[in-house]
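Below: start-v4.cif (mmCIF, C-alpha atoms)
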data_data
#
loop_
_atom_site.label_atom_id
_atom_site.label_comp_id
_atom_site.auth_asym_id
_atom_site.auth_seq_id
_atom_site.Cartn_x
_atom_site.Cartn_y
_atom_site.Cartn_z
CA MET A 1 0.66 16.75 -37.57
CA ARG A 2 -0.66 20.01 -36.24
CA THR A 3 1.52 22.12 -34.01
CA THR A 4 -0.12 23.80 -31.04
CA ARG A 5 1.34 25.77 -28.16
CA ARG A 6 0.90 25.10 -24.47
CA ASP A 7 0.54 27.99 -22.06
CA SER A 8 4.21 27.51 -21.18
CA GLY A 9 5.14 28.28 -24.76
CA GLN A 10 6.37 24.77 -25.56
CA GLN A 11 5.10 23.18 -28.72
CA LEU A 12 2.95 20.09 -28.80
CA HIS A 13 2.51 18.00 -31.90
CA GLU A 14 -1.10 16.91 -32.14
CA PRO A 15 -1.99 14.19 -34.64
CA ARG A 16 -4.54 15.35 -37.22
CA GLY A 17 -6.76 12.37 -36.52
CA SER A 18 -7.32 13.36 -32.89
CA SER A 19 -10.30 15.51 -33.83
CA ALA A 20 -11.74 12.98 -36.28
CA PRO A 21 -15.24 11.83 -35.23
CA ALA A 22 -14.32 8.11 -35.26
CA PHE A 23 -11.35 8.75 -32.97
CA LEU A 24 -13.44 10.91 -30.63
CA LEU A 25 -16.17 8.24 -30.46
CA ALA A 26 -13.56 5.62 -29.57
CA GLN A 27 -11.87 7.93 -27.04
CA VAL A 28 -15.10 8.92 -25.28
CA GLY A 29 -16.42 5.34 -25.47
CA ALA A 30 -13.32 3.89 -23.82
CA HIS A 31 -13.39 6.61 -21.16
CA ALA A 32 -17.11 6.08 -20.50
CA ALA A 33 -16.70 2.30 -20.22
CA SER A 34 -13.78 2.65 -17.83
CA LYS A 35 -15.60 5.14 -15.60
CA PHE A 36 -18.78 3.01 -15.52
CA ALA A 37 -16.73 -0.06 -14.57
CA GLU A 38 -15.18 1.97 -11.72
CA ARG A 39 -18.64 2.92 -10.44
CA LEU A 40 -19.79 -0.71 -10.53
CA ARG A 41 -16.73 -2.05 -8.69
CA SER A 42 -18.19 -0.83 -5.39
CA SER A 43 -21.03 -3.33 -5.84
CA GLY A 44 -18.65 -6.15 -6.82
CA LEU A 45 -20.01 -6.29 -10.36
CA SER A 46 -18.68 -5.75 -13.86
CA PRO A 47 -20.46 -4.02 -16.74
CA ALA A 48 -21.15 -7.48 -18.21
CA HIS A 49 -22.94 -8.50 -15.01
CA ALA A 50 -24.98 -5.29 -15.05
CA GLY A 51 -26.03 -5.87 -18.64
CA ILE A 52 -27.16 -9.42 -17.90
CA LEU A 53 -29.21 -8.27 -14.90
CA ARG A 54 -30.86 -5.61 -17.07
CA ILE A 55 -31.76 -8.17 -19.74
CA LEU A 56 -33.08 -10.68 -17.19
CA ASN A 57 -35.30 -7.96 -15.79
CA ALA A 58 -36.68 -7.24 -19.27
CA ALA A 59 -37.03 -10.93 -20.24
CA PRO A 60 -37.82 -12.90 -17.07
CA ALA A 61 -37.28 -16.66 -17.20
CA ILE A 62 -35.17 -16.51 -20.38
CA THR A 63 -33.01 -19.60 -20.88
CA GLN A 64 -29.22 -19.41 -20.81
CA GLN A 65 -29.17 -20.47 -24.44
CA ALA A 66 -31.59 -17.69 -25.45
CA LEU A 67 -29.63 -15.16 -23.41
CA ALA A 68 -26.34 -16.22 -25.04
CA SER A 69 -27.96 -15.94 -28.45
CA ALA A 70 -29.42 -12.48 -27.71
CA LEU A 71 -26.02 -11.25 -26.49
CA GLY A 72 -24.07 -12.90 -29.29
CA SER A 73 -21.93 -14.34 -26.51
CA PRO A 74 -20.15 -17.68 -26.42
CA ALA A 75 -22.14 -19.98 -24.10
CA SER A 76 -19.00 -20.82 -22.09
CA ARG A 77 -18.41 -17.14 -21.23
CA LEU A 78 -22.04 -16.62 -20.32
CA VAL A 79 -22.09 -19.64 -17.99
CA ALA A 80 -19.23 -18.15 -15.96
CA LEU A 81 -20.99 -14.77 -15.71
CA VAL A 82 -24.29 -16.37 -14.66
CA ASP A 83 -22.43 -18.54 -12.14
CA ASP A 84 -20.95 -15.34 -10.65
CA LEU A 85 -24.39 -13.72 -10.41
CA GLU A 86 -25.87 -16.86 -8.88
CA SER A 87 -23.09 -17.09 -6.28
CA LYS A 88 -23.84 -13.48 -5.28
CA GLY A 89 -27.51 -14.38 -4.82
CA LEU A 90 -28.67 -12.10 -7.64
CA VAL A 91 -29.88 -14.73 -10.11
CA GLU A 92 -31.31 -18.19 -9.76
CA ARG A 93 -31.67 -20.99 -12.25
CA GLN A 94 -35.13 -22.51 -12.20
CA ALA A 95 -36.34 -25.66 -13.89
CA ASN A 96 -37.92 -24.89 -17.25
CA ASP A 97 -41.39 -26.44 -17.39
CA ALA A 98 -41.29 -26.70 -21.19
CA ASP A 99 -37.88 -28.42 -21.34
CA ARG A 100 -36.33 -29.99 -18.25
CA ARG A 101 -32.87 -29.94 -19.85
CA ARG A 102 -32.89 -26.14 -19.79
CA TYR A 103 -33.01 -23.67 -16.96
CA ALA A 104 -34.86 -20.38 -16.80
CA LEU A 105 -32.84 -17.50 -15.39
CA CYS A 106 -34.65 -15.30 -12.90
CA LEU A 107 -33.65 -12.30 -10.81
CA THR A 108 -33.91 -12.77 -7.08
CA GLU A 109 -35.24 -10.05 -4.79
CA LYS A 110 -31.64 -9.13 -4.07
CA GLY A 111 -31.01 -9.03 -7.82
CA GLN A 112 -33.93 -6.63 -8.28
CA SER A 113 -32.55 -4.40 -5.53
CA VAL A 114 -29.04 -4.43 -6.99
CA LEU A 115 -30.49 -3.61 -10.41
CA GLN A 116 -32.10 -0.49 -8.94
CA THR A 117 -28.72 0.50 -7.50
CA ILE A 118 -27.11 -0.07 -10.90
CA GLY A 119 -29.77 2.16 -12.46
CA SER A 120 -28.88 4.95 -10.05
CA LEU A 121 -25.17 4.49 -10.78
CA ALA A 122 -25.87 4.55 -14.52
CA ARG A 123 -27.85 7.80 -14.24
CA GLU A 124 -25.05 9.40 -12.17
CA HIS A 125 -22.53 8.18 -14.73
CA GLN A 126 -24.52 9.56 -17.64
CA ASN A 127 -25.00 12.94 -15.97
CA ALA A 128 -21.29 13.21 -15.17
CA LEU A 129 -20.27 12.13 -18.66
CA LEU A 130 -22.64 14.52 -20.43
CA ALA A 131 -22.35 17.46 -18.04
CA ALA A 132 -20.91 19.68 -20.79
CA LEU A 133 -24.08 19.33 -22.89
CA SER A 134 -27.49 20.99 -22.61
CA ALA A 135 -30.64 18.86 -22.58
CA ASP A 136 -31.22 19.63 -26.28
CA GLU A 137 -27.63 18.70 -27.14
CA ARG A 138 -27.96 15.42 -25.22
CA GLN A 139 -31.08 14.57 -27.22
CA GLN A 140 -29.35 15.46 -30.48
CA LEU A 141 -26.32 13.34 -29.55
CA THR A 142 -28.58 10.42 -28.66
CA THR A 143 -30.41 10.68 -31.99
CA LEU A 144 -27.17 10.80 -33.97
CA LEU A 145 -25.56 7.91 -32.07
CA MET A 146 -28.71 5.79 -32.49
CA ARG A 147 -28.60 6.41 -36.25
CA ILE A 148 -24.93 5.40 -36.39
CA ALA A 149 -25.53 2.28 -34.28
CA GLU A 150 -28.46 1.23 -36.46
CA HIS A 151 -26.50 1.81 -39.67
CA GLN A 152 -23.63 -0.29 -38.29
CA GLY A 153 -26.04 -3.15 -37.51
CA LEU A 154 -25.50 -3.01 -33.76
CA LYS A 155 -28.11 -4.72 -31.61
CA LYS A 156 -30.14 -2.16 -29.68
CA GLY A 157 -29.27 -2.28 -25.98
CA ILE A 158 -26.57 -4.95 -26.40
CA HIS A 159 -22.91 -4.03 -25.92
CA PRO A 160 -20.77 -5.62 -28.66
CA GLY A 161 -18.23 -6.65 -26.01
CA TYR A 162 -20.34 -9.70 -25.12
CA SER A 163 -19.37 -11.36 -28.39
CA ARG A 164 -15.70 -11.38 -27.37
#

Can the structure from this file be put into structure tokens for me?
Amino acid sequence: MRTTRRDSGQQLHEPRGSSAPAFLLAQVGAHAASKFAERLRSSGLSPAHAGILRILNAAPAITQQALASALGSPASRLVALVDDLESKGLVERQANDADRRRYALCLTEKGQSVLQTIGSLAREHQNALLAALSADERQQLTTLLMRIAEHQGLKKGIHPGYSR
């Protein structure tokens, strides 16, 4: 343990690992996730909902099965999330012309509008989170984090929390 002093003169014992990059990534990641979830609460959504809306926008008419596979999510968890989005009028299930046993998931007009709001919230969140960094530092951080994510085998644009 490292000993540091507070302004009041009292000693604090700081664990050595608190400045380790893995710890800092976990600390900032947990903080960022919590703050983003807070921002989304005003719209009645969770980060999982926001991620699904983003994917449906990028892959219109994807089936629930394909969405679950892309997310690495158990189908039972995904059904509940899609049900929530459908009950809010953000997503609709449409008959799949190629296979009547499957449904295509589509954003509604309201879903498109909410997705734009989520985009604004995400930009505000990112700017607040990275306020201590210059534009060049933000780009450098992005490059380094992308390299780490790729090396770890993480799916680009997919939060690993969906698999839980």

At a cut-off of 12 Å around the point (-26.6, 4.0, -9.3) (file coordinates), what residues fall inside when counting all atoms listed in the file? I'd like the answer as a PDB file with C-alpha atoms, keeping the file's coordinate frame.
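That gives us result22.pdb:
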ATOM      1  CA  PHE A  36     -18.780   3.010 -15.520  1.00  0.00           C
ATOM      2  CA  ALA A  37     -16.730  -0.060 -14.570  1.00  0.00           C
ATOM      3  CA  GLU A  38     -15.180   1.970 -11.720  1.00  0.00           C
ATOM      4  CA  ARG A  39     -18.640   2.920 -10.440  1.00  0.00           C
ATOM      5  CA  LEU A  40     -19.790  -0.710 -10.530  1.00  0.00           C
ATOM      6  CA  ARG A  41     -16.730  -2.050  -8.690  1.00  0.00           C
ATOM      7  CA  SER A  42     -18.190  -0.830  -5.390  1.00  0.00           C
ATOM      8  CA  SER A  43     -21.030  -3.330  -5.840  1.00  0.00           C
ATOM      9  CA  ALA A  50     -24.980  -5.290 -15.050  1.00  0.00           C
ATOM     10  CA  SER A 113     -32.550  -4.400  -5.530  1.00  0.00           C
ATOM     11  CA  VAL A 114     -29.040  -4.430  -6.990  1.00  0.00           C
ATOM     12  CA  LEU A 115     -30.490  -3.610 -10.410  1.00  0.00           C
ATOM     13  CA  GLN A 116     -32.100  -0.490  -8.940  1.00  0.00           C
ATOM     14  CA  THR A 117     -28.720   0.500  -7.500  1.00  0.00           C
ATOM     15  CA  ILE A 118     -27.110  -0.070 -10.900  1.00  0.00           C
ATOM     16  CA  GLY A 119     -29.770   2.160 -12.460  1.00  0.00           C
ATOM     17  CA  SER A 120     -28.880   4.950 -10.050  1.00  0.00           C
ATOM     18  CA  LEU A 121     -25.170   4.490 -10.780  1.00  0.00           C
ATOM     19  CA  ALA A 122     -25.870   4.550 -14.520  1.00  0.00           C
ATOM     20  CA  ARG A 123     -27.850   7.800 -14.240  1.00  0.00           C
ATOM     21  CA  GLU A 124     -25.050   9.400 -12.170  1.00  0.00           C
ATOM     22  CA  HIS A 125     -22.530   8.180 -14.730  1.00  0.00           C
ATOM     23  CA  GLN A 126     -24.520   9.560 -17.640  1.00  0.00           C
ATOM     24  CA  ASN A 127     -25.000  12.940 -15.970  1.00  0.00           C
TER      25      ASN A 127
END

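Of the listed residues A:Gly111, A:Ile52, A:Gln140, A:Ser163, the one whose atoms come nearest to Ala75 of chain A is A:Ser163, with distances taken using all atoms listed in the file.
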
TODO: Give me, please, the distance in Å between atom CA of Ser34 of chain A and atom CA of Ser46 of chain A, quoted to one decimal.
DONE: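 Value for the atom CA of Ser34 of chain A-atom CA of Ser46 of chain A distance: 10.5 Å.
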
- [ ] Determine the residue set returned by the PyMOL selection byres ((chain A and resi 72) around 10) for the present structure, and present it as number ranges by chain.
- [x] A: 66-71, 73-75, 78, 155, 158-164

Open item on the list: Which residues would end up in the selection if the PyMOL selection byres ((chain A and resi 94) around 10) were applied here, given that I need the answer as a list in words?
Closed with: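 When the PyMOL selection byres ((chain A and resi 94) around 10) is applied to the shown file, the picked residues are Ala61, Thr63, Val91, Glu92, Arg93, Ala95, Asn96, Asp97, Arg100, Arg102, Tyr103, Ala104, Leu105 and Cys106 of chain A.
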
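Among the candidate residues A:Thr142, A:Arg54, A:Ala26, A:His31, the one lying nearest to Ala128 of chain A is A:His31, with distances computed using all atoms listed in the file.
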
Open item on the list: Applying 7 Å and all atoms listed in the file, which residues near segment 87-89 of chain A remain after dropping the ones on its own chain fewer than 2 positions away? List them as a PyMOL selection string.
Closed with: chain A and resi 83-85+91+108+110

- [ ] Choose the residue, out of A:Gly153, A:Glu137, A:Leu90, A:Leu107, that has the smallest atom-to-atom separation from Ile55 of chain A; count only C-alpha atoms.
- [x] A:Leu107

- [ ] May I ask for the distance between atom CA of Ala132 of chain A and atom CA of Ala32 of chain A, given in Å to one decimal place?
- [x] 14.1 Å

TODO: Go through A:Leu25, A:Ala33, A:Ala20, A:Ala58 one by one, measure the shortest atom-to-atom distance of each to Gln112 of chain A using only C-alpha atoms, and give the residue with the smallest value.
DONE: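 Once distances to Gln112 of chain A are computed over only C-alpha atoms, the minimum belongs to A:Ala58.
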